[in-house]
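**Student:** Sharing coords17.pdb here; it has PDB, C-alpha atoms and all ligand atoms.
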ATOM      1  CA  MET A 191      38.486 -24.504  40.021  1.00  0.00           C
ATOM      2  CA  ASN A 192      35.575 -22.032  40.273  1.00  0.00           C
ATOM      3  CA  SER A 193      34.350 -19.994  37.322  1.00  0.00           C
ATOM      4  CA  GLU A 194      36.148 -16.844  38.521  1.00  0.00           C
ATOM      5  CA  ASN A 195      39.547 -18.643  38.613  1.00  0.00           C
ATOM      6  CA  CYS A 196      38.739 -20.296  35.317  1.00  0.00           C
ATOM      7  CA  LEU A 197      38.481 -16.907  33.644  1.00  0.00           C
ATOM      8  CA  LYS A 198      41.857 -15.836  35.059  1.00  0.00           C
ATOM      9  CA  TRP A 199      43.560 -19.050  33.955  1.00  0.00           C
ATOM     10  CA  ASN A 200      45.656 -18.508  30.849  1.00  0.00           C
ATOM     11  CA  PRO A 201      47.109 -21.732  29.384  1.00  0.00           C
ATOM     12  CA  LYS A 202      49.836 -19.919  27.434  1.00  0.00           C
ATOM     13  CA  GLU A 203      51.002 -18.027  30.495  1.00  0.00           C
ATOM     14  CA  LEU A 204      50.950 -21.212  32.572  1.00  0.00           C
ATOM     15  CA  GLU A 205      52.910 -23.127  29.927  1.00  0.00           C
ATOM     16  CA  SER A 206      55.532 -20.398  29.787  1.00  0.00           C
ATOM     17  CA  LYS A 207      55.849 -20.406  33.600  1.00  0.00           C
ATOM     18  CA  VAL A 208      56.266 -24.193  33.675  1.00  0.00           C
ATOM     19  CA  ARG A 209      58.796 -24.040  30.824  1.00  0.00           C
ATOM     20  CA  LYS A 210      60.884 -21.456  32.724  1.00  0.00           C
ATOM     21  CA  VAL A 211      61.071 -23.753  35.739  1.00  0.00           C
ATOM     22  CA  VAL A 212      61.826 -26.897  33.700  1.00  0.00           C
ATOM     23  CA  ASP A 213      64.413 -25.164  31.483  1.00  0.00           C
ATOM     24  CA  GLY A 214      66.273 -24.015  34.568  1.00  0.00           C
ATOM     25  CA  ILE A 215      66.747 -27.589  35.834  1.00  0.00           C
ATOM     26  CA  VAL A 216      69.876 -29.470  34.868  1.00  0.00           C
ATOM     27  CA  TRP A 217      69.631 -33.262  34.540  1.00  0.00           C
ATOM     28  CA  ILE A 218      72.370 -35.280  36.231  1.00  0.00           C
ATOM     29  CA  LYS A 219      72.831 -39.029  35.941  1.00  0.00           C
ATOM     30  CA  VAL A 220      74.353 -40.754  38.958  1.00  0.00           C
ATOM     31  CA  VAL A 221      75.128 -44.488  39.010  1.00  0.00           C
ATOM     32  CA  ALA A 222      75.552 -46.686  42.111  1.00  0.00           C
ATOM     33  CA  LEU A 223      77.894 -49.677  41.847  1.00  0.00           C
ATOM     34  CA  GLY A 224      79.281 -52.296  44.199  1.00  0.00           C
ATOM     35  CA  ASN A 225      78.745 -55.860  45.406  1.00  0.00           C
ATOM     36  CA  THR A 226      75.304 -57.135  46.348  1.00  0.00           C
ATOM     37  CA  GLY A 227      74.168 -56.246  49.835  1.00  0.00           C
ATOM     38  CA  THR A 228      76.575 -53.333  50.328  1.00  0.00           C
ATOM     39  CA  GLY A 229      73.694 -50.855  50.727  1.00  0.00           C
ATOM     40  CA  LYS A 230      73.389 -49.043  47.367  1.00  0.00           C
ATOM     41  CA  THR A 231      69.589 -49.134  47.361  1.00  0.00           C
ATOM     42  CA  CYS A 232      69.454 -48.042  51.008  1.00  0.00           C
ATOM     43  CA  LEU A 233      71.779 -45.092  50.361  1.00  0.00           C
ATOM     44  CA  ILE A 234      69.639 -43.929  47.437  1.00  0.00           C
ATOM     45  CA  LYS A 235      66.447 -44.398  49.455  1.00  0.00           C
ATOM     46  CA  HIS A 236      67.929 -42.386  52.287  1.00  0.00           C
ATOM     47  CA  PHE A 237      68.945 -39.585  49.944  1.00  0.00           C
ATOM     48  CA  CYS A 238      65.576 -39.488  48.117  1.00  0.00           C
ATOM     49  CA  GLU A 239      63.167 -40.217  50.953  1.00  0.00           C
ATOM     50  CA  SER A 240      65.170 -40.093  54.229  1.00  0.00           C
ATOM     51  CA  LYS A 241      64.034 -43.690  54.864  1.00  0.00           C
ATOM     52  CA  PHE A 242      65.805 -46.898  55.850  1.00  0.00           C
ATOM     53  CA  SER A 243      64.611 -50.492  55.720  1.00  0.00           C
ATOM     54  CA  ASN A 244      66.242 -53.470  57.437  1.00  0.00           C
ATOM     55  CA  CYS A 245      64.750 -55.864  54.894  1.00  0.00           C
ATOM     56  CA  TYR A 246      66.960 -56.889  52.027  1.00  0.00           C
ATOM     57  CA  HIS A 247      65.306 -57.014  48.610  1.00  0.00           C
ATOM     58  CA  ALA A 248      68.067 -57.559  46.075  1.00  0.00           C
ATOM     59  CA  THR A 249      67.769 -55.168  43.150  1.00  0.00           C
ATOM     60  CA  VAL A 250      66.717 -57.048  40.040  1.00  0.00           C
ATOM     61  CA  GLY A 251      68.882 -55.690  37.228  1.00  0.00           C
ATOM     62  CA  VAL A 252      68.473 -52.007  37.865  1.00  0.00           C
ATOM     63  CA  ASP A 253      66.336 -49.694  39.926  1.00  0.00           C
ATOM     64  CA  TYR A 254      65.795 -45.979  39.614  1.00  0.00           C
ATOM     65  CA  GLY A 255      65.112 -42.971  41.782  1.00  0.00           C
ATOM     66  CA  PHE A 256      65.171 -39.223  41.351  1.00  0.00           C
ATOM     67  CA  LYS A 257      65.317 -36.112  43.445  1.00  0.00           C
ATOM     68  CA  ILE A 258      65.428 -32.393  42.752  1.00  0.00           C
ATOM     69  CA  GLN A 259      68.420 -31.090  44.683  1.00  0.00           C
ATOM     70  CA  THR A 260      69.823 -27.573  44.723  1.00  0.00           C
ATOM     71  CA  VAL A 261      73.613 -27.543  44.715  1.00  0.00           C
ATOM     72  CA  LYS A 262      75.626 -24.306  44.636  1.00  0.00           C
ATOM     73  CA  GLU A 263      72.275 -22.543  44.053  1.00  0.00           C
ATOM     74  CA  ILE A 264      71.695 -24.611  40.908  1.00  0.00           C
ATOM     75  CA  PRO A 265      68.568 -26.792  40.806  1.00  0.00           C
ATOM     76  CA  LEU A 266      69.541 -30.280  39.660  1.00  0.00           C
ATOM     77  CA  ARG A 267      67.223 -33.089  38.686  1.00  0.00           C
ATOM     78  CA  VAL A 268      69.278 -35.985  39.973  1.00  0.00           C
ATOM     79  CA  HIS A 269      68.578 -39.334  38.311  1.00  0.00           C
ATOM     80  CA  LEU A 270      69.883 -42.184  40.402  1.00  0.00           C
ATOM     81  CA  TRP A 271      70.552 -45.460  38.619  1.00  0.00           C
ATOM     82  CA  ASP A 272      70.779 -48.211  41.182  1.00  0.00           C
ATOM     83  CA  PHE A 273      72.604 -51.112  39.525  1.00  0.00           C
ATOM     84  CA  SER A 274      72.381 -54.603  40.963  1.00  0.00           C
ATOM     85  CA  GLY A 275      75.736 -55.841  42.205  1.00  0.00           C
ATOM     86  CA  ASP A 276      75.006 -59.322  40.861  1.00  0.00           C
ATOM     87  CA  SER A 277      77.309 -60.457  38.040  1.00  0.00           C
ATOM     88  CA  GLN A 278      74.364 -62.042  36.206  1.00  0.00           C
ATOM     89  CA  TYR A 279      73.169 -58.508  35.368  1.00  0.00           C
ATOM     90  CA  TYR A 280      76.433 -57.410  33.767  1.00  0.00           C
ATOM     91  CA  ASP A 281      74.840 -57.210  30.298  1.00  0.00           C
ATOM     92  CA  ILE A 282      72.005 -55.031  31.557  1.00  0.00           C
ATOM     93  CA  ARG A 283      74.423 -52.702  33.351  1.00  0.00           C
ATOM     94  CA  SER A 284      76.647 -52.451  30.287  1.00  0.00           C
ATOM     95  CA  GLU A 285      73.718 -50.992  28.308  1.00  0.00           C
ATOM     96  CA  LEU A 286      72.990 -48.325  30.889  1.00  0.00           C
ATOM     97  CA  TYR A 287      76.273 -46.521  31.532  1.00  0.00           C
ATOM     98  CA  SER A 288      76.052 -43.997  28.728  1.00  0.00           C
ATOM     99  CA  GLY A 289      75.619 -40.373  29.790  1.00  0.00           C
ATOM    100  CA  THR A 290      76.824 -41.047  33.345  1.00  0.00           C
ATOM    101  CA  ASP A 291      77.878 -37.865  35.167  1.00  0.00           C
ATOM    102  CA  ALA A 292      78.899 -39.507  38.432  1.00  0.00           C
ATOM    103  CA  CYS A 293      79.443 -42.964  39.933  1.00  0.00           C
ATOM    104  CA  PHE A 294      79.719 -44.021  43.526  1.00  0.00           C
ATOM    105  CA  LEU A 295      81.414 -47.336  44.213  1.00  0.00           C
ATOM    106  CA  VAL A 296      80.031 -48.822  47.416  1.00  0.00           C
ATOM    107  CA  PHE A 297      81.578 -51.427  49.685  1.00  0.00           C
ATOM    108  CA  ASP A 298      80.406 -52.659  53.073  1.00  0.00           C
ATOM    109  CA  VAL A 299      82.980 -51.845  55.777  1.00  0.00           C
ATOM    110  CA  THR A 300      82.147 -55.140  57.540  1.00  0.00           C
ATOM    111  CA  ASN A 301      82.748 -57.185  54.389  1.00  0.00           C
ATOM    112  CA  GLN A 302      86.359 -57.525  53.182  1.00  0.00           C
ATOM    113  CA  ALA A 303      85.296 -59.233  49.933  1.00  0.00           C
ATOM    114  CA  SER A 304      83.177 -56.229  48.946  1.00  0.00           C
ATOM    115  CA  PHE A 305      86.238 -54.001  49.471  1.00  0.00           C
ATOM    116  CA  GLN A 306      88.430 -56.309  47.388  1.00  0.00           C
ATOM    117  CA  SER A 307      85.871 -56.169  44.592  1.00  0.00           C
ATOM    118  CA  LEU A 308      86.360 -52.416  44.153  1.00  0.00           C
ATOM    119  CA  ASP A 309      89.149 -53.043  41.593  1.00  0.00           C
ATOM    120  CA  GLY A 310      86.661 -54.962  39.460  1.00  0.00           C
ATOM    121  CA  TRP A 311      84.000 -52.260  39.775  1.00  0.00           C
ATOM    122  CA  LEU A 312      86.483 -49.586  38.809  1.00  0.00           C
ATOM    123  CA  ARG A 313      87.489 -51.640  35.752  1.00  0.00           C
ATOM    124  CA  GLU A 314      83.817 -52.002  34.779  1.00  0.00           C
ATOM    125  CA  THR A 315      83.380 -48.253  35.114  1.00  0.00           C
ATOM    126  CA  GLY A 316      86.347 -47.693  32.788  1.00  0.00           C
ATOM    127  CA  ARG A 317      85.186 -50.293  30.255  1.00  0.00           C
ATOM    128  CA  PHE A 318      81.948 -48.379  29.663  1.00  0.00           C
ATOM    129  CA  GLY A 319      83.465 -44.905  29.508  1.00  0.00           C
ATOM    130  CA  ALA A 320      82.170 -43.778  32.881  1.00  0.00           C
ATOM    131  CA  LEU A 321      85.687 -43.066  34.206  1.00  0.00           C
ATOM    132  CA  ASN A 322      85.389 -39.617  32.661  1.00  0.00           C
ATOM    133  CA  SER A 323      82.612 -38.931  35.114  1.00  0.00           C
ATOM    134  CA  VAL A 324      83.088 -38.028  38.781  1.00  0.00           C
ATOM    135  CA  VAL A 325      83.863 -41.282  40.647  1.00  0.00           C
ATOM    136  CA  VAL A 326      83.984 -41.648  44.425  1.00  0.00           C
ATOM    137  CA  VAL A 327      84.324 -44.555  46.864  1.00  0.00           C
ATOM    138  CA  VAL A 328      81.858 -45.156  49.697  1.00  0.00           C
ATOM    139  CA  GLY A 329      82.435 -47.338  52.754  1.00  0.00           C
ATOM    140  CA  ASN A 330      78.860 -47.998  53.929  1.00  0.00           C
ATOM    141  CA  LYS A 331      77.471 -49.566  57.143  1.00  0.00           C
ATOM    142  CA  ALA A 332      79.791 -47.428  59.263  1.00  0.00           C
ATOM    143  CA  ASP A 333      77.337 -47.965  62.163  1.00  0.00           C
ATOM    144  CA  LEU A 334      78.579 -51.582  62.296  1.00  0.00           C
ATOM    145  CA  ARG A 335      82.248 -50.616  62.615  1.00  0.00           C
ATOM    146  CA  SER A 336      82.550 -52.277  66.017  1.00  0.00           C
ATOM    147  CA  ASN A 337      82.231 -55.700  64.281  1.00  0.00           C
ATOM    148  CA  LYS A 338      85.396 -57.767  63.904  1.00  0.00           C
ATOM    149  CA  ASN A 339      87.477 -57.751  60.710  1.00  0.00           C
ATOM    150  CA  CYS A 340      86.160 -54.459  59.387  1.00  0.00           C
ATOM    151  CA  VAL A 341      87.950 -52.685  56.575  1.00  0.00           C
ATOM    152  CA  SER A 342      89.728 -49.802  58.309  1.00  0.00           C
ATOM    153  CA  ALA A 343      89.080 -46.241  57.184  1.00  0.00           C
ATOM    154  CA  ALA A 344      92.841 -45.835  56.658  1.00  0.00           C
ATOM    155  CA  GLU A 345      92.968 -48.868  54.333  1.00  0.00           C
ATOM    156  CA  ALA A 346      89.965 -47.639  52.362  1.00  0.00           C
ATOM    157  CA  ARG A 347      91.346 -44.111  52.100  1.00  0.00           C
ATOM    158  CA  LYS A 348      94.663 -45.502  50.856  1.00  0.00           C
ATOM    159  CA  TRP A 349      92.958 -47.525  48.105  1.00  0.00           C
ATOM    160  CA  ALA A 350      90.903 -44.480  47.100  1.00  0.00           C
ATOM    161  CA  SER A 351      93.876 -42.127  47.003  1.00  0.00           C
ATOM    162  CA  THR A 352      95.922 -44.662  44.955  1.00  0.00           C
ATOM    163  CA  HIS A 353      93.187 -44.339  42.339  1.00  0.00           C
ATOM    164  CA  LYS A 354      92.878 -40.572  42.866  1.00  0.00           C
ATOM    165  CA  LEU A 355      89.340 -40.942  44.184  1.00  0.00           C
ATOM    166  CA  GLN A 356      87.650 -39.272  47.108  1.00  0.00           C
ATOM    167  CA  TYR A 357      86.565 -41.532  49.993  1.00  0.00           C
ATOM    168  CA  PHE A 358      83.351 -41.185  52.023  1.00  0.00           C
ATOM    169  CA  GLU A 359      82.075 -43.178  54.938  1.00  0.00           C
ATOM    170  CA  THR A 360      78.315 -43.530  55.385  1.00  0.00           C
ATOM    171  CA  SER A 361      75.579 -45.290  57.264  1.00  0.00           C
ATOM    172  CA  ALA A 362      72.304 -45.620  55.422  1.00  0.00           C
ATOM    173  CA  PHE A 363      70.955 -46.887  58.768  1.00  0.00           C
ATOM    174  CA  SER A 364      71.702 -43.744  60.812  1.00  0.00           C
ATOM    175  CA  GLY A 365      72.017 -41.379  57.853  1.00  0.00           C
ATOM    176  CA  ASP A 366      75.535 -40.352  58.914  1.00  0.00           C
ATOM    177  CA  GLY A 367      77.574 -39.092  55.986  1.00  0.00           C
ATOM    178  CA  VAL A 368      74.789 -39.540  53.402  1.00  0.00           C
ATOM    179  CA  SER A 369      74.050 -35.832  52.805  1.00  0.00           C
ATOM    180  CA  LYS A 370      77.772 -35.043  52.711  1.00  0.00           C
ATOM    181  CA  LEU A 371      78.338 -37.779  50.116  1.00  0.00           C
ATOM    182  CA  PHE A 372      75.659 -36.497  47.743  1.00  0.00           C
ATOM    183  CA  GLU A 373      76.417 -32.802  48.319  1.00  0.00           C
ATOM    184  CA  GLU A 374      80.102 -33.291  47.481  1.00  0.00           C
ATOM    185  CA  LEU A 375      79.457 -35.711  44.615  1.00  0.00           C
ATOM    186  CA  LEU A 376      76.948 -33.373  42.975  1.00  0.00           C
ATOM    187  CA  GLY A 377      79.109 -30.331  43.736  1.00  0.00           C
ATOM    188  CA  ALA A 378      81.983 -32.008  41.894  1.00  0.00           C
ATOM    189  CA  VAL A 379      79.688 -32.681  38.907  1.00  0.00           C
ATOM    190  CA  VAL A 380      78.598 -29.025  38.844  1.00  0.00           C
ATOM    191  CA  SER A 381      82.269 -27.951  38.851  1.00  0.00           C
ATOM    192  CA  ALA A 382      83.415 -30.582  36.326  1.00  0.00           C
ATOM    193  CA  LYS A 383      80.627 -29.765  33.871  1.00  0.00           C
ATOM    194  CA  LYS A 384      80.998 -26.027  34.510  1.00  0.00           C
ATOM    195  CA  ILE A 385      77.268 -25.788  35.106  1.00  0.00           C
ATOM    196  CA  ASN A 386      76.122 -22.233  35.760  1.00  0.00           C
ATOM    197  CA  LEU A 387      72.803 -20.826  36.795  1.00  0.00           C
ATOM    198  CA  ARG A 388      70.766 -20.678  33.607  1.00  0.00           C
ATOM    199  CA  PRO A 389      69.244 -17.284  32.935  1.00  0.00           C
ATOM    200  CA  ALA A 390      65.466 -17.423  32.951  1.00  0.00           C
ATOM    201  CA  THR A 391      64.204 -17.480  29.369  1.00  0.00           C
ATOM    202  CA  SER A 392      61.716 -14.844  28.364  1.00  0.00           C
ATOM    203  CA  SER A 393      58.306 -16.085  27.272  1.00  0.00           C
TER     204      SER A 393
HETATM  205  N1  LIG B   1      73.391 -51.688  59.614  1.00  0.00           N
HETATM  206  C1  LIG B   1      73.292 -51.268  58.365  1.00  0.00           C
HETATM  207  N2  LIG B   1      72.643 -52.019  57.460  1.00  0.00           N
HETATM  208  C2  LIG B   1      72.566 -51.560  56.187  1.00  0.00           C
HETATM  209  C3  LIG B   1      73.121 -50.307  55.795  1.00  0.00           C
HETATM  210  N3  LIG B   1      72.873 -50.133  54.478  1.00  0.00           N
HETATM  211  C4  LIG B   1      72.192 -51.204  54.079  1.00  0.00           C
HETATM  212  N4  LIG B   1      71.988 -52.065  55.095  1.00  0.00           N
HETATM  213  C5  LIG B   1      71.318 -53.374  55.017  1.00  0.00           C
HETATM  214  O1  LIG B   1      72.036 -54.183  54.102  1.00  0.00           O
HETATM  215  C6  LIG B   1      71.145 -54.966  53.319  1.00  0.00           C
HETATM  216  C7  LIG B   1      71.410 -54.732  51.843  1.00  0.00           C
HETATM  217  O2  LIG B   1      71.101 -53.391  51.493  1.00  0.00           O
HETATM  218  P1  LIG B   1      70.712 -52.971  49.994  1.00  0.00           P
HETATM  219  O3  LIG B   1      70.652 -51.484  49.966  1.00  0.00           O
HETATM  220  O4  LIG B   1      69.511 -53.683  49.544  1.00  0.00           O
HETATM  221  O5  LIG B   1      71.983 -53.517  49.201  1.00  0.00           O
HETATM  222  P2  LIG B   1      72.342 -53.364  47.647  1.00  0.00           P
HETATM  223  O6  LIG B   1      73.733 -52.897  47.566  1.00  0.00           O
HETATM  224  O7  LIG B   1      71.312 -52.491  46.981  1.00  0.00           O
HETATM  225  O8  LIG B   1      72.249 -54.850  47.122  1.00  0.00           O
HETATM  226  P3  LIG B   1      71.898 -55.375  45.603  1.00  0.00           P
HETATM  227  O9  LIG B   1      70.625 -54.720  45.181  1.00  0.00           O
HETATM  228  O10 LIG B   1      71.724 -56.860  45.769  1.00  0.00           O
HETATM  229  O11 LIG B   1      73.058 -55.067  44.710  1.00  0.00           O
HETATM  230  C8  LIG B   1      69.724 -54.619  53.776  1.00  0.00           C
HETATM  231  O12 LIG B   1      69.291 -55.584  54.699  1.00  0.00           O
HETATM  232  C9  LIG B   1      69.896 -53.261  54.467  1.00  0.00           C
HETATM  233  O13 LIG B   1      68.945 -53.069  55.491  1.00  0.00           O
HETATM  234  C10 LIG B   1      73.791 -49.530  56.788  1.00  0.00           C
HETATM  235  O14 LIG B   1      74.344 -48.447  56.549  1.00  0.00           O
HETATM  236  N5  LIG B   1      73.863 -50.075  58.043  1.00  0.00           N
HETATM  237 MG    MG B   2      69.926 -52.855  45.571  1.00  0.00          MG
END
Mind turning the file's structure into structure tokens?
Ligand SMILES: Nc1nc2c(ncn2[C@@H]2O[C@H](COP(=O)(O)OP(=O)(O)OP(=O)(O)O)[C@@H](O)[C@H]2O)c(=O)[nH]1
Ligand SMILES: [Mg+2]
**Tutor:**
Amino acid sequence: MNSENCLKWNPKELESKVRKVVDGIVWIKVVALGNTGTGKTCLIKHFCESKFSNCYHATVGVDYGFKIQTVKEIPLRVHLWDFSGDSQYYDIRSELYSGTDACFLVFDVTNQASFQSLDGWLRETGRFGALNSVVVVVGNKADLRSNKNCVSAAEARKWASTHKLQYFETSAFSGDGVSKLFEELLGAVVSAKKINLRPATSS
């Protein structure tokens, strides 16, 4: 900063400008659940950074990501809690559900066991009070649908509708369906919480 800019720089004015921006941002907590290896981390990485990795590094306990996303003209600071699907981390997960605004339950369309586990994940969601949040079901790895013994979209949709949940199909590999998933999930949170554009506060 040169001396001329330095003279123009007013800390109070700057603070008030920053406060206006920060005050206008609504914090949303989103939790990813589902068996190990279903692609939760990859989906979050794709949403936050538009990246995909073929390497599998199992999440240890919990991971975290965030992204500022504007939904229905409202800037949201989306906090993504990426829970490990491993049962050994149940105690850790149980401590971290509070304040959840939305959950997405992920299964791998090529893995029947991960689909059958959805009942258990839904029960866990209910046990920790997160059923009051927006919950959706995600069939991930749709790019591998040509594999044998896949869970059909019809079967998955039926399970979701039995539980009054919306169903999405995604591929974290190709990115198909990922934006739609997060747009609709966050849109539902905005509607459910009746979030409106906050008027800018005066300094
Ligand atoms: N082909 C394909 N592979 C995927 C997709 N999503 C994830 N994978 C792969 O599946 C493996 C597991 O993905 P992760 O995102 O780490 O799985 P996770 O659900 O976070 O697993 P945990 O952290 O153990 O609970 C990795 O090797 C990914 O590259 C996808 O949509 N298509
Ligand atoms: Mg993970």
**Student:** Taking every listed atom of ligand LIG 1 (chain B) and adding 4 Å to each side, what centre and edge lengths in Å (one decimal) does the axis-aligned box have, as JSON?
**Tutor:**
{"center_x": 71.6, "center_y": -52.7, "center_z": 52.2, "size_x": 13.4, "size_y": 16.4, "size_z": 22.9}
**Student:** Write out as a JSON list (two decimals) with C-alpha atoms, keeping the file's coordinate frame each polymer residue (protein, DNA or RNA) that has an atom no more than 7 Å from ligand MG 2 (chain B), with only C-alpha atoms and all ligand atoms counted.
**Tutor:**
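So selection01.json came out as:
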[["chain", "number", "residue", "atom", "x", "y", "z"],
["A", 226, "THR", "CA", 75.30, -57.14, 46.35],
["A", 227, "GLY", "CA", 74.17, -56.25, 49.84],
["A", 229, "GLY", "CA", 73.69, -50.86, 50.73],
["A", 230, "LYS", "CA", 73.39, -49.04, 47.37],
["A", 231, "THR", "CA", 69.59, -49.13, 47.36],
["A", 247, "HIS", "CA", 65.31, -57.01, 48.61],
["A", 248, "ALA", "CA", 68.07, -57.56, 46.08],
["A", 249, "THR", "CA", 67.77, -55.17, 43.15],
["A", 272, "ASP", "CA", 70.78, -48.21, 41.18],
["A", 273, "PHE", "CA", 72.60, -51.11, 39.52],
["A", 274, "SER", "CA", 72.38, -54.60, 40.96]]
**Student:** Tell me which residues the PyMOL selection byres (((chain A and resi 305) around 9) and not hetatm) grabs here, as a PyMOL selection string.
**Tutor:** chain A and resi 224-225+296-299+301-304+306-309+329+341+346
**Student:** When you draw a straight line from atom CA of Thr290 of chain A to atom CA of Val221 of chain A, how long is it in Å?
**Tutor:** 6.8 Å
**Student:** Excluding same-chain residues fewer than 6 positions from Val220 of chain A, what lies within 9 Å of it counting only C-alpha atoms, as number ranges by chain?
**Tutor:** A: 268-272, 290-294, 376
**Student:** List as JSON, numbers by chain the protein and nucleic acid residues near Ser284 of chain A, meaning an atom at most 10 Å away when only C-alpha atoms are counted, but skip any in the same chain fewer than 3 places from it.
**Tutor:** {"A": [279, 280, 281, 287, 288, 314, 315, 317, 318]}
**Student:** List as a count of residues only the residues having at least one atom at most 7 Å from position (82.1, -44.1, 49.3) as given in the file, counting all atoms listed in the file.
**Tutor:** 11
**Student:** I'd like the residues picked by the PyMOL selection byres (((chain A and resi 360) around 9) and not hetatm) written out as a PyMOL selection string, using the chain letters and numbers from the file.
**Tutor:** chain A and resi 233+328-333+358-359+361-368+370-371
**Student:** Just the selected residues (C-alpha atoms), exported as a compact mmCIF listing (two decimals), in the frame of the given file, please.
**Tutor:**
# COMPACT_ATOMS: atom_id res chain seq x y z
CA LEU A 233 71.78 -45.09 50.36
CA VAL A 328 81.86 -45.16 49.70
CA GLY A 329 82.44 -47.34 52.75
CA ASN A 330 78.86 -48.00 53.93
CA LYS A 331 77.47 -49.57 57.14
CA ALA A 332 79.79 -47.43 59.26
CA ASP A 333 77.34 -47.96 62.16
CA PHE A 358 83.35 -41.18 52.02
CA GLU A 359 82.08 -43.18 54.94
CA SER A 361 75.58 -45.29 57.26
CA ALA A 362 72.30 -45.62 55.42
CA PHE A 363 70.96 -46.89 58.77
CA SER A 364 71.70 -43.74 60.81
CA GLY A 365 72.02 -41.38 57.85
CA ASP A 366 75.54 -40.35 58.91
CA GLY A 367 77.57 -39.09 55.99
CA VAL A 368 74.79 -39.54 53.40
CA LYS A 370 77.77 -35.04 52.71
CA LEU A 371 78.34 -37.78 50.12
**Student:** Between A:Val216, A:Gly255, A:Gly319, A:Pro201, single out the one closest to Lys235 of chain A, counting all atoms listed in the file.
**Tutor:**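 Between A:Val216, A:Gly255, A:Gly319, A:Pro201, the residue approaching Lys235 of chain A most closely is A:Gly255.
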**Student:** Would you mind reading off the distance between atom O4 of ligand LIG 1 (chain B) and atom CA of Thr228 of chain A, one decimal, in Å?
**Tutor:**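 Rounded to one decimal, the two atoms are 7.1 Å apart.
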